[in-house]
There are 2 protein chains.
Amino acid sequence: LKLLTQARDLKRRKARDRSELFVAEGIRVSEELLRAGIPARGALITSQLTSSPRGRALLEQLRARVPEVLEVDERDFSDAADTDTPQGVLLIAEVPPRSAATPLPAGVKLRVLLLDGVQDPGNVGTMVRTAAAFGAAATIALPGTVDLWNAKVVRSAMGAHFSHLAFHASFEELTDFVARENLVVWGTEAGAPVIGDPDNIPERLAIAFGNEGAGMSPRIEMLAARTAGIATAPGVESLNVAVAAGILLHDLSN
Amino acid sequence: LKLLTQARDLKRRKARDRSELFVAEGIRVSEELLRAGIPARGALITSQLTSSPRGRALLEQLRARVPEVLEVDERDFSDAADTDTPQGVLLIAEVPPRSAATPLPAGVKLRVLLLDGVQDPGNVGTMVRTAAAFGAAATIALPGTVDLWNAKVVRSAMGAHFSHLAFHASFEELTDFVARENLVVWGTEAGAPVIGDPDNIPERLAIAFGNEGAGMSPRIEMLAARTAGIATAPGVESLNVAVAAGILLHDLSN
């Protein structure tokens with residue numbers, strides 16, 4: 001029953017930070033985790049998992065690759081899980097050892113996504129998924145941003161940050177990273193000028209998206225060479241931050 | 001206490017369909033609802049609402065414009081509310097009388113968003129918000145799509161569908177609507193060809209986004225003149241549907 005206690009415990013950010021473990025829920029996310037080669041310490045399953053061929057295939061993989069696979073009843077499982085519909089599988093896995101010390105490819109065009117206090121786990125997960133989809137080199141979660149290894153973030157990212165380079169950094173670490181990697185930082189804001197002439201887009205660009213309510217932090221405003229926006233219809237205040245990031249990362253990926 | 005019972009009851013789609021009422025939660029959404037002129041039947045508030053100047057200003061408006069304003073304790077309120085952090089205000093309001101019978105502006109370029117079985121309320125709300133932001137003429141929720149007047153959809157839309165034309169329709173109603181309004185229908189799919197030469201984009205275009213897991217319905221596939229996609233990095237399966245809709249509605253709004 002140690003796995004059950006551990007999974008429940010890992011709902012708290014402090015427990016994740018201390019143990020460097022996180023919980024991944026659901027069939028698809030578990031498949032992605034194994035595919036990415038992230039070490040899993042244990043798996044909790046229910047009989048529900050074996051009700052589909054895909055679930056049975058996953059269980060076979062888990063038995064071969066995860067040290068401890070524990071079948072529990074629905075009640076214990078839903079107590080340990082974060083989701084309402086957890087599909088009968090949940091893995092306890094190691095947070096990949098990544099940080100601002102990780103070097104990016106040198107001398108090539110690249111994009112980095114900065115999460116500057118983005119608080120909604122669904123938004124953060126979707127933004128990591130989008131950054132991976134458009135080939136961004138990294139996603140950096142700055143202070144005030146929800147934990148990248150929160151169960152809902154992991155679920156919304158659909159396993160994207162198992163292979164995409166995503167990590168937390170302080171503003172000081174970011175400043176050093178930006179200097180070392182020769183990055184230009186751009187901020188974003190509703191109503192700011194749209195991205196114009198493609199020739200003026202830096203080869204190595206980090207683009208920051210601020211908090212859902214309060215926008216960018218003063219630290220990023222100071223660091224940013226410019227602020228970019230997206231043209232919207234009159235009277236509409238703003239876009240969802242994950243949608244805005246999708247549009248700009250897409251435009252900048254061409 | 002009739003308002004409390006009613007708010008709780010309106011969590012069920014059947015109750016909303018029968019009564020043609022819905023619940024709007026939070027300060028900003030309530031402000032938007034009043035601004036859009038949607039008739040509210042009643043308001044539930046807690047003492048929390050009066051803790052900010054913005055909340056007090058809203059309460060003044062509610063007292064002037066809503067027939068019944070009832071202050072309740074935190075426990076009763078959170079029982080009636082759908083959110084964890086409902087900000088001490090919740091309105092019971094009339095679903096705007098809109099349907100496929102509503103005519104669109106004639107003879108001008110326009111975009112219509114079709115929700116073809118999109119199930120996540122956060123995705124649907126975000127998509128309605130995005131459609132409004134890019135000046136789409138309407139959003140049509142097709143069978144299998146979550147109720148547009150679900151509390152979480154209303155919250156994620158940030159009040160967008162109080163003024164944006166959004167309604168449910170059957171596939172038959174859609175077919176008639178498409179013919180009457182001279183619309184070309186496009187589907188979307190991960191991996192489908194990207195939108196190319198701008199000259200080939202129809203003036204009056206309805207673009208459909210399918211279910212998060214299963215994609216487009218056979219009915220929309222049959223109706224669609226083509227299927228459009230978004231180029232992503234190799235190995236990344238797909239984008240979140242609300243992000244994909246944001247990118248394509250943005251590209252098509254130019």
# chains A, B, ... in the order shown; residues from 1 in each chain; ligands from 1
$ interface_residues --of "chain A" --to "chain B" --cutoff "10 Å" --atoms "only C-alpha atoms" --output "NGL selection string"
:A and (122-123 or 125-127 or 129-136 or 156-158 or 160 or 230-251 or 253-254)
$ select_by_dssp --residues "region 13-244 of chain B" --states "strand (DSSP E)" --output "PyMOL selection string"
chain B and resi 21-25+40-45+68-71+89-94+110-116+138-141+166-168+184-188+204-210+226-228
$ select_by_dssp --residues "region 34-212 of chain B" --states "helix (DSSP H, G or I)" --output "short mmCIF file (atom, residue, chain, number, x, y, z; two decimals) with N, CA and C atoms, in the first residue's frame"
data_model
loop_
_atom_site.label_atom_id
_atom_site.label_comp_id
_atom_site.auth_asym_id
_atom_site.auth_seq_id
_atom_site.Cartn_x
_atom_site.Cartn_y
_atom_site.Cartn_z
N LEU B 34 -24.51 41.55 -17.94
CA LEU B 34 -25.32 42.76 -17.80
C LEU B 34 -25.05 43.70 -18.98
N ARG B 35 -23.76 43.82 -19.36
CA ARG B 35 -23.39 44.70 -20.48
C ARG B 35 -24.07 44.26 -21.77
N ALA B 36 -24.16 42.92 -21.96
CA ALA B 36 -24.76 42.39 -23.19
C ALA B 36 -26.29 42.48 -23.17
N SER B 47 -21.14 37.53 1.14
CA SER B 47 -20.52 38.76 1.66
C SER B 47 -19.17 39.01 0.97
N GLN B 48 -18.57 37.93 0.40
CA GLN B 48 -17.29 38.06 -0.30
C GLN B 48 -17.35 39.10 -1.43
N LEU B 49 -18.53 39.20 -2.06
CA LEU B 49 -18.66 40.10 -3.22
C LEU B 49 -18.35 41.54 -2.85
N THR B 50 -18.69 41.93 -1.64
CA THR B 50 -18.53 43.34 -1.26
C THR B 50 -17.12 43.65 -0.72
N SER B 51 -16.21 42.66 -0.84
CA SER B 51 -14.85 42.87 -0.31
C SER B 51 -13.97 43.66 -1.28
N PRO B 53 -13.92 46.89 -4.47
CA PRO B 53 -14.69 47.98 -5.10
C PRO B 53 -15.43 47.48 -6.35
N ARG B 54 -14.75 46.62 -7.13
CA ARG B 54 -15.38 46.10 -8.35
C ARG B 54 -16.62 45.26 -8.01
N GLY B 55 -16.51 44.47 -6.95
CA GLY B 55 -17.64 43.67 -6.49
C GLY B 55 -18.79 44.54 -6.01
N ARG B 56 -18.46 45.62 -5.30
CA ARG B 56 -19.51 46.51 -4.79
C ARG B 56 -20.21 47.24 -5.94
N ALA B 57 -19.43 47.61 -6.96
CA ALA B 57 -20.03 48.27 -8.14
C ALA B 57 -20.98 47.31 -8.86
N LEU B 58 -20.55 46.05 -8.95
CA LEU B 58 -21.40 45.04 -9.59
C LEU B 58 -22.69 44.86 -8.80
N LEU B 59 -22.58 44.79 -7.48
CA LEU B 59 -23.75 44.58 -6.62
C LEU B 59 -24.76 45.71 -6.80
N GLU B 60 -24.26 46.91 -6.96
CA GLU B 60 -25.15 48.06 -7.18
C GLU B 60 -25.94 47.87 -8.48
N GLN B 61 -25.22 47.46 -9.53
CA GLN B 61 -25.89 47.18 -10.81
C GLN B 61 -26.92 46.07 -10.68
N LEU B 62 -26.54 45.01 -9.96
CA LEU B 62 -27.45 43.88 -9.81
C LEU B 62 -28.74 44.34 -9.11
N ARG B 63 -28.59 45.15 -8.05
CA ARG B 63 -29.77 45.62 -7.29
C ARG B 63 -30.69 46.44 -8.18
N ALA B 64 -30.09 47.16 -9.15
CA ALA B 64 -30.89 48.00 -10.03
C ALA B 64 -31.57 47.19 -11.15
N ARG B 65 -30.93 46.08 -11.55
CA ARG B 65 -31.39 45.45 -12.79
C ARG B 65 -31.88 44.01 -12.67
N GLU B 74 -21.60 31.08 2.69
CA GLU B 74 -20.60 30.43 1.83
C GLU B 74 -20.99 28.99 1.47
N ARG B 75 -21.50 28.28 2.47
CA ARG B 75 -21.79 26.87 2.25
C ARG B 75 -22.90 26.67 1.22
N ASP B 76 -24.00 27.40 1.39
CA ASP B 76 -25.10 27.30 0.44
C ASP B 76 -24.65 27.75 -0.95
N PHE B 77 -23.83 28.81 -0.96
CA PHE B 77 -23.37 29.33 -2.24
C PHE B 77 -22.53 28.31 -2.99
N SER B 78 -21.57 27.70 -2.28
CA SER B 78 -20.66 26.79 -2.99
C SER B 78 -21.39 25.52 -3.41
N ASP B 79 -22.50 25.24 -2.75
CA ASP B 79 -23.35 24.13 -3.14
C ASP B 79 -24.04 24.43 -4.47
N ALA B 80 -24.40 25.68 -4.65
CA ALA B 80 -25.11 26.10 -5.87
C ALA B 80 -24.14 26.36 -7.02
N PRO B 121 -15.67 21.08 -21.78
CA PRO B 121 -16.28 22.41 -21.62
C PRO B 121 -15.27 23.55 -21.73
N GLY B 122 -14.05 23.33 -21.21
CA GLY B 122 -13.01 24.36 -21.31
C GLY B 122 -12.64 24.62 -22.76
N ASN B 123 -12.51 23.56 -23.55
CA ASN B 123 -12.22 23.73 -24.98
C ASN B 123 -13.34 24.49 -25.68
N VAL B 124 -14.59 24.10 -25.42
CA VAL B 124 -15.72 24.74 -26.11
C VAL B 124 -15.82 26.22 -25.74
N GLY B 125 -15.68 26.53 -24.44
CA GLY B 125 -15.73 27.93 -24.02
C GLY B 125 -14.62 28.74 -24.67
N THR B 126 -13.42 28.18 -24.68
CA THR B 126 -12.28 28.87 -25.29
C THR B 126 -12.52 29.07 -26.79
N MET B 127 -13.12 28.10 -27.44
CA MET B 127 -13.37 28.21 -28.88
C MET B 127 -14.41 29.29 -29.19
N VAL B 128 -15.43 29.39 -28.34
CA VAL B 128 -16.43 30.46 -28.53
C VAL B 128 -15.76 31.82 -28.33
N ARG B 129 -14.92 31.92 -27.31
CA ARG B 129 -14.19 33.17 -27.03
C ARG B 129 -13.30 33.55 -28.22
N THR B 130 -12.64 32.55 -28.80
CA THR B 130 -11.75 32.79 -29.93
C THR B 130 -12.52 33.21 -31.18
N ALA B 131 -13.64 32.53 -31.43
CA ALA B 131 -14.48 32.88 -32.59
C ALA B 131 -14.94 34.33 -32.49
N ALA B 132 -15.35 34.72 -31.29
CA ALA B 132 -15.77 36.11 -31.09
C ALA B 132 -14.59 37.06 -31.30
N ALA B 133 -13.41 36.67 -30.79
CA ALA B 133 -12.23 37.53 -30.88
C ALA B 133 -11.82 37.78 -32.34
N ALA B 151 -22.07 25.68 -17.12
CA ALA B 151 -21.42 26.75 -16.35
C ALA B 151 -19.93 26.89 -16.69
N LYS B 152 -19.26 25.77 -16.93
CA LYS B 152 -17.82 25.84 -17.22
C LYS B 152 -17.56 26.39 -18.63
N VAL B 153 -18.47 26.09 -19.55
CA VAL B 153 -18.34 26.67 -20.90
C VAL B 153 -18.51 28.18 -20.83
N VAL B 154 -19.54 28.61 -20.11
CA VAL B 154 -19.82 30.05 -19.98
C VAL B 154 -18.62 30.76 -19.36
N ARG B 155 -18.01 30.12 -18.34
CA ARG B 155 -16.87 30.72 -17.66
C ARG B 155 -15.64 30.79 -18.58
N SER B 156 -15.35 29.68 -19.28
CA SER B 156 -14.19 29.67 -20.18
C SER B 156 -14.37 30.65 -21.34
N ALA B 160 -18.13 35.61 -23.84
CA ALA B 160 -18.14 35.85 -25.29
C ALA B 160 -19.47 35.51 -25.93
N HIS B 161 -20.12 34.42 -25.50
CA HIS B 161 -21.36 34.08 -26.20
C HIS B 161 -22.58 34.83 -25.70
N PHE B 162 -22.37 35.86 -24.89
CA PHE B 162 -23.50 36.74 -24.56
C PHE B 162 -23.78 37.65 -25.75
N PHE B 171 -27.68 18.08 -37.45
CA PHE B 171 -27.02 18.03 -38.76
C PHE B 171 -27.99 18.47 -39.87
N GLU B 172 -29.28 18.16 -39.72
CA GLU B 172 -30.26 18.58 -40.73
C GLU B 172 -30.38 20.11 -40.75
N GLU B 173 -30.46 20.70 -39.56
CA GLU B 173 -30.54 22.16 -39.48
C GLU B 173 -29.28 22.80 -40.06
N LEU B 174 -28.13 22.17 -39.80
CA LEU B 174 -26.88 22.70 -40.35
C LEU B 174 -26.89 22.65 -41.87
N THR B 175 -27.35 21.52 -42.42
CA THR B 175 -27.38 21.37 -43.88
C THR B 175 -28.24 22.46 -44.51
N ASP B 176 -29.40 22.72 -43.93
CA ASP B 176 -30.27 23.78 -44.44
C ASP B 176 -29.61 25.16 -44.30
N PHE B 177 -28.96 25.34 -43.16
CA PHE B 177 -28.31 26.63 -42.86
C PHE B 177 -27.19 26.91 -43.86
N VAL B 178 -26.41 25.90 -44.12
CA VAL B 178 -25.28 26.00 -45.06
C VAL B 178 -25.78 26.37 -46.46
N ALA B 179 -26.88 25.74 -46.87
CA ALA B 179 -27.46 26.03 -48.20
C ALA B 179 -28.02 27.45 -48.24
N ARG B 180 -28.78 27.81 -47.23
CA ARG B 180 -29.42 29.13 -47.20
C ARG B 180 -28.39 30.25 -47.16
N PRO B 198 -4.08 31.91 -50.59
CA PRO B 198 -5.23 32.63 -50.02
C PRO B 198 -6.37 32.81 -51.01
N ASP B 199 -6.09 32.81 -52.28
CA ASP B 199 -7.15 33.01 -53.28
C ASP B 199 -8.17 31.88 -53.28
N ASN B 200 -7.75 30.74 -52.77
CA ASN B 200 -8.67 29.61 -52.78
C ASN B 200 -9.53 29.51 -51.51
#
$ residues_around --residues "Thr139 (chain A)" --least-positions-apart "5" --cutoff "8 Å" --atoms "only C-alpha atoms" --output "list in words"
Val112, Leu113, Leu114, Leu115, Val128, Ala131, His164, Leu165, Ala166 and Phe167 of chain A
$ closest_residue --among "A:Gly191, A:Gly88, A:Pro202, A:Pro218" --to "Asp116 (chain A)" --atoms "only C-alpha atoms"
A:Pro218
$ residues_around --residues "Ser217 (chain A)" --least-positions-apart "3" --cutoff "8 Å" --atoms "only C-alpha atoms" --output "list of chain:residue names"
A:Asp116, A:Gly117, A:Gly210, A:Ile220, A:Glu221
$ residues_around --residues "region 39-46 of chain A" --least-positions-apart "4" --cutoff "8 Å" --atoms "only C-alpha atoms" --output "PyMOL selection string"
chain A and resi 3-4+34+62+66-74+77+88-94
$ atom_distance --atom1 "CA of Pro97 (chain B)" --atom2 "CA of Ser170 (chain B)"
16.2 Å
$ residues_around --residues "region 192-196 of chain A" --least-positions-apart "2" --cutoff "6 Å" --atoms "only C-alpha atoms" --output "number ranges by chain"
A: 189-190, 228-230
$ write_last_selection --atoms "C-alpha atoms" --output "PDB file, in the first residue's frame"
ATOM      1  CA  GLU A 189       0.142  41.524 -24.430  1.00  0.00           C
ATOM      2  CA  ALA A 190      -3.411  41.962 -25.678  1.00  0.00           C
ATOM      3  CA  ALA A 228       3.916  41.433 -29.514  1.00  0.00           C
ATOM      4  CA  GLY A 229       0.150  41.081 -29.857  1.00  0.00           C
ATOM      5  CA  ILE A 230      -2.528  39.524 -32.044  1.00  0.00           C
TER       6      ILE A 230
END
$ residues_around --residues "Ala15 (chain B)" --least-positions-apart "6" --cutoff "12 Å" --atoms "only C-alpha atoms" --output "JSON, numbers by chain"
{"B": [5, 6, 7, 8, 9, 21, 22, 23, 147, 149, 150]}
$ write_last_selection --atoms "N, CA, C and O atoms" --output "compact mmCIF listing (two decimals), in the first residue's frame"
# COMPACT_ATOMS: atom_id res chain seq x y z
N THR B 5 -32.27 26.52 -4.98
CA THR B 5 -32.71 25.25 -5.58
C THR B 5 -32.57 25.31 -7.10
O THR B 5 -32.10 24.37 -7.73
N GLN B 6 -32.96 26.44 -7.66
CA GLN B 6 -32.92 26.61 -9.11
C GLN B 6 -31.47 26.55 -9.64
O GLN B 6 -31.20 25.87 -10.63
N ALA B 7 -30.56 27.23 -8.94
CA ALA B 7 -29.15 27.22 -9.37
C ALA B 7 -28.59 25.81 -9.34
O ALA B 7 -27.91 25.37 -10.27
N ARG B 8 -28.89 25.09 -8.27
CA ARG B 8 -28.41 23.70 -8.17
C ARG B 8 -29.00 22.86 -9.29
O ARG B 8 -28.30 22.07 -9.92
N ASP B 9 -30.29 23.06 -9.55
CA ASP B 9 -31.00 22.31 -10.57
C ASP B 9 -30.40 22.57 -11.96
O ASP B 9 -30.28 21.65 -12.78
N LEU B 21 -32.93 28.51 -19.07
CA LEU B 21 -32.15 29.35 -18.16
C LEU B 21 -30.76 28.74 -18.00
O LEU B 21 -30.57 27.56 -18.24
N PHE B 22 -29.79 29.56 -17.62
CA PHE B 22 -28.46 29.06 -17.32
C PHE B 22 -27.85 29.85 -16.18
O PHE B 22 -28.41 30.86 -15.75
N VAL B 23 -26.71 29.37 -15.68
CA VAL B 23 -26.05 30.02 -14.56
C VAL B 23 -24.73 30.63 -15.03
O VAL B 23 -23.94 29.98 -15.72
N ASP B 147 -23.00 21.12 -23.90
CA ASP B 147 -23.96 22.22 -23.89
C ASP B 147 -23.26 23.58 -23.79
O ASP B 147 -22.46 23.82 -22.88
N TRP B 149 -24.32 26.21 -22.71
CA TRP B 149 -24.75 26.97 -21.54
C TRP B 149 -24.38 26.27 -20.23
O TRP B 149 -24.80 26.69 -19.15
N ASN B 150 -23.55 25.26 -20.32
CA ASN B 150 -22.90 24.62 -19.18
C ASN B 150 -22.08 25.71 -18.46
O ASN B 150 -21.45 26.54 -19.10
$ closest_residue --among "B:Val146, B:Gly107, B:Ala169, B:Ala208" --to "Arg13 (chain B)" --atoms "only C-alpha atoms"
B:Val146
